[in-house]
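Report on one structure; see the data block that follows.
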Amino acid sequence: MTSTPRSTAPPDAATPRSYHHLIAGRARPGEDQVIARRAPGTGAVVANVPVGTARDVAEAVAAARRALEAGTWSKAPGLDRSRLLNRLADLIDDHAAALAVLDSEEAGKPLRLAEGDIAGAAMLTRYAASLAADMHGTAYSDHGADFTGLVLREPVGVVGLVTPWNFPALILSQKLPFALAAGCCAVVKPSELTTGTAVRIAELTRDAGIPAGVVNVVTGDGRTGQALCEHPGVDMVSFTGSTATGRKVLEAAKGNLKKVSLELGGKAANIVFADADLEDAVEGVVFGSFFNNGECCVSQARLLIEDAVAEEFLSELTARTRALRVGQPLERGTDVGAMIHGRHLENVLSHIVSNHDLGATPIVGGSRLVRADLADGYYVEPTILDGVTPQMPAFRDEIFGPVLTVTRFRTVDEAVSLANDVEYGLANSVWSKNVDKVLTVARALQSGTVYVNTTIDGPPTMPFGGYKGSGVGREMGRAGFEEFTELKSVNIRTGRRAGTFAFGGAHVAVG
Ligand code: TXE
């Protein structure tokens with residue numbers, strides 16, 4: 001282990017933390033430009049984030065390439081990678097309290113949720129460790145006595161991981177340990193808004209004994225991300241963020257035809273049928289729409305409610321929503337924290353106002369939260385907009401704040417077509433006790449995930465990703481691990497070939 005200084009002062013320090021790049025196991029200060037990050041909850045500067053240049057990116061990619069070629073990680077037995085990933089998970093648990101404070105403060109999310117994210121990061125890392133221990137290809141031994149086919153599974157190579165601000169540690173952990181499990185070496189570019197936990201977790205990989213250069217971090221903004229996605233030494237990019245930036249990533253990756261995995265935006269629906277357990281469904285709708293301040297790609301931002309129970313359901317829902325406590329992210333008891341920054345706050349508010357003008361009715365909330373103890377942060381009242389039609393932008397745009405839209409339906413077909421009538425296809429929820437209906441609807445929904453009688457729920461064994469504008473590829477599950485691998489077919493003919501070749505399966509003789 002090297003004696004490089006820690007990047008993170010105690011999270012409650014009054015002076016801003018100064019981050020650095022981590023390249024080939026060493027802390028590297030930024031060149032010149034630094035972003036001062038203000039905590040969304042208080043407006044105070046809490047961190048200085050160096051903006052990595054194309055040169056920093058090139059050095060990090062070169063370090064990852066050297067580590068890959070050295071083979072101490074990429075060619076190590078999977079059981080060895082598994083052991084060190086398990087050690088990393090233990091270290092994440094050991095540092096959970098400090099990591100949670102970093103994420104809560106920088107992202108503006110309630111501490112309780114940040115603690116859940118860090119526990120999730122450790123769990124994902126342990127699950128990835130189990131996949132490393134069980135990395136394997138396949139063998140074909142039944143294509144005749146003289147043919148053996150080996151399908152080898154190999155690491156894809158150097159991967160660029162670009163992560164967003166809403167779940168800094170959790171989304172990193174949907175990518176990094178899976179890439180490492182496969183034997184890849186990585187360059188991470190965390191969001192400029194929430195850099196702390198990525199730098200800290202990268203340091204923990206070093207403490208766990210993962211060789212220097214296997215995990216590198218270059219901090220910075222979209223320019224740094226763009227340089228990473230364009231770099232010809234990167235074999236694959238895994239990106240989570242907005243659909244607009246995802247398109248730029250695809251464009252940037254085309255130079256050397258990188259493999260690309262994109263986890264993008266969403267506009268999920270909670271579909272509540274009259275035959276659901278309505279008490280459970282109310283809880284699910286409150287959780288699904290206001291979880292993580294609504295700043296969540298799987299946020300169940302649309303409620304589709306069967307007309308017959310709409311009034312009764314909305315009356316319970318409004319009461320539960322009014323009871324949510326908006327507060328400082330670091331305060332225990334806070335249910336909904338602060339929006340990520342001032343521009344985003346304005347954007348969320350303008351969605352509420354413009355859709356109100358188009359005929360939607362705010363039945364709860366609808367404004368910026370004005371309270372003396374929250375005056376310097378970016379807080380929005382949890383809001384429910386009733387009477388939203390598919391023609392309104394609130395029905396289809398990703399607002400990414402604590403804003404739930406309500407649309408009524410009468411038939412199963414209508415519910416499905418409303419749910420599918422958006423550009424996105426990440427996740428939807430169905431609430432009904434009728435198994436026929438649930439399965440019919442689950443099959444008809446155009447989304448990578450369907451929750452049934454629950455929402456934003458499930459273990460890391462389940463693959464996660466989008467249909468339509470919500471992305472390309474899968475994260476988590478064995479499928480998410482396999483994204484970080486390449487297959488190599490080794491076709492072995494034994495004995496005499498007798499002049500024939502089985503191209504495409506048919507025997508062909510030469511001459
Ligand atoms: O995202 P960006 P932003 C949605 C959500 C939000 C909106 C904008 O609707 O309001 O996106 O958020 C890096 N090449 N989601 O602006 O720009 C950037 O530095 C390579 C949904 O923060 O997508 C950061 O590390 N990288 C989403 C990451 O991309 C670039 C989570 C995400 O930033 C880049 C976050 C470029 N040209 C926002 N430009 C989800 N799926 O959960 C920026 N980046």
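Labels used: A, B, ... for chains in the order of the structure tokens, numbers from 1 for residues in each chain, and numbers from 1 for ligands as shown.
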
Test item: residues no farther than 7 Å from ligand 1, counting only C-alpha atoms and all ligand atoms, as a ChimeraX atom specification: /A:162-166,189-192,220-226,229,240-246,248-249,263-265,296-297,344,398-400

Take the residues just selected and output them with C-alpha atoms as a tab-separated table (two decimals), in the first residue's frame.
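What landed in again27.tsv:
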chain	number	residue	atom	x	y	z
A	162	VAL	CA	-18.94	8.12	-16.25
A	163	THR	CA	-21.33	8.56	-13.33
A	164	PRO	CA	-24.03	11.09	-12.36
A	165	TRP	CA	-24.82	12.96	-9.17
A	166	ASN	CA	-28.05	11.43	-7.92
A	189	LYS	CA	-15.12	10.17	-14.14
A	190	PRO	CA	-17.57	11.02	-11.35
A	191	SER	CA	-20.03	13.90	-11.54
A	192	GLU	CA	-18.45	17.27	-10.80
A	220	GLY	CA	-14.03	17.08	-13.64
A	221	ASP	CA	-17.07	18.02	-15.68
A	222	GLY	CA	-18.51	17.22	-19.10
A	223	ARG	CA	-15.27	18.23	-20.85
A	224	THR	CA	-13.36	15.60	-18.86
A	225	GLY	CA	-16.10	13.03	-19.54
A	226	GLN	CA	-16.02	13.85	-23.24
A	229	CYS	CA	-15.34	8.85	-24.06
A	240	THR	CA	-25.27	6.92	-16.54
A	241	GLY	CA	-26.85	10.32	-17.00
A	242	SER	CA	-29.25	12.24	-19.20
A	243	THR	CA	-30.47	10.99	-22.56
A	244	ALA	CA	-29.05	14.13	-24.25
A	245	THR	CA	-25.55	13.49	-22.85
A	246	GLY	CA	-25.92	9.77	-23.63
A	248	LYS	CA	-23.00	12.72	-27.08
A	249	VAL	CA	-21.30	9.73	-25.46
A	263	GLU	CA	-28.28	4.01	-18.50
A	264	LEU	CA	-30.34	7.11	-19.20
A	265	GLY	CA	-33.45	8.91	-18.07
A	296	CYS	CA	-34.05	9.25	-9.60
A	297	CYS	CA	-34.09	7.61	-13.04
A	344	HIS	CA	-32.27	22.53	-11.35
A	398	GLU	CA	-38.25	13.91	-17.00
A	399	ILE	CA	-38.74	16.60	-14.32
A	400	PHE	CA	-36.35	14.89	-11.87

So that I can check the surroundings of stretch 124-127 of chain A, please list as a short mmCIF file (atom, residue, chain, number, x, y, z; two decimals) with all heavy atoms, in the first residue's frame every protein, DNA and RNA residue that reaches within 7 Å of it, counting only C-alpha atoms and ignoring chain neighbours fewer than 5 positions away.
data_model
loop_
_atom_site.label_atom_id
_atom_site.label_comp_id
_atom_site.auth_asym_id
_atom_site.auth_seq_id
_atom_site.Cartn_x
_atom_site.Cartn_y
_atom_site.Cartn_z
N LEU A 85 -12.29 -8.16 -3.89
CA LEU A 85 -13.55 -7.40 -3.97
C LEU A 85 -14.34 -7.54 -2.67
O LEU A 85 -14.97 -6.59 -2.20
CB LEU A 85 -14.39 -7.86 -5.17
CG LEU A 85 -13.89 -7.33 -6.52
CD1 LEU A 85 -14.57 -8.07 -7.67
CD2 LEU A 85 -14.13 -5.83 -6.65
N ASN A 86 -14.28 -8.74 -2.07
CA ASN A 86 -14.95 -8.90 -0.77
C ASN A 86 -14.28 -8.02 0.29
O ASN A 86 -14.95 -7.45 1.14
CB ASN A 86 -14.92 -10.37 -0.33
CG ASN A 86 -16.10 -11.14 -0.92
OD1 ASN A 86 -17.23 -10.63 -0.92
ND2 ASN A 86 -15.85 -12.32 -1.43
N ALA A 89 -15.57 -4.60 -0.17
CA ALA A 89 -16.92 -4.46 0.40
C ALA A 89 -16.84 -4.25 1.91
O ALA A 89 -17.56 -3.40 2.47
CB ALA A 89 -17.76 -5.69 0.07
N SER A 173 -21.14 1.80 -7.97
CA SER A 173 -21.05 0.39 -7.58
C SER A 173 -21.89 -0.52 -8.46
O SER A 173 -21.80 -1.75 -8.35
CB SER A 173 -21.43 0.23 -6.11
OG SER A 173 -20.62 1.08 -5.33
N GLN A 174 -22.72 0.05 -9.31
CA GLN A 174 -23.39 -0.77 -10.32
C GLN A 174 -22.44 -1.02 -11.50
O GLN A 174 -22.75 -1.82 -12.37
CB GLN A 174 -24.68 -0.08 -10.82
CG GLN A 174 -25.76 -0.06 -9.76
CD GLN A 174 -27.02 0.68 -10.17
OE1 GLN A 174 -27.82 1.04 -9.32
NE2 GLN A 174 -27.19 0.96 -11.45
N PRO A 177 -17.40 -2.47 -9.49
CA PRO A 177 -17.05 -3.83 -9.05
C PRO A 177 -17.35 -4.88 -10.11
O PRO A 177 -16.67 -5.91 -10.16
CB PRO A 177 -17.91 -4.04 -7.79
CG PRO A 177 -18.87 -2.93 -7.74
CD PRO A 177 -18.40 -1.83 -8.63
N PRO A 460 -29.65 -7.26 -6.32
CA PRO A 460 -28.73 -6.94 -7.42
C PRO A 460 -28.57 -8.06 -8.44
O PRO A 460 -27.87 -7.89 -9.43
CB PRO A 460 -27.40 -6.68 -6.70
CG PRO A 460 -27.51 -7.31 -5.38
CD PRO A 460 -28.97 -7.38 -5.03
#

Selected residue, from A:Leu345, A:Leu152, A:Val406, A:Val370, that lies nearest to A:Leu314 when counting only C-alpha atoms: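 Among A:Leu345, A:Leu152, A:Val406, A:Val370, it is A:Val406 that comes nearest to A:Leu314.
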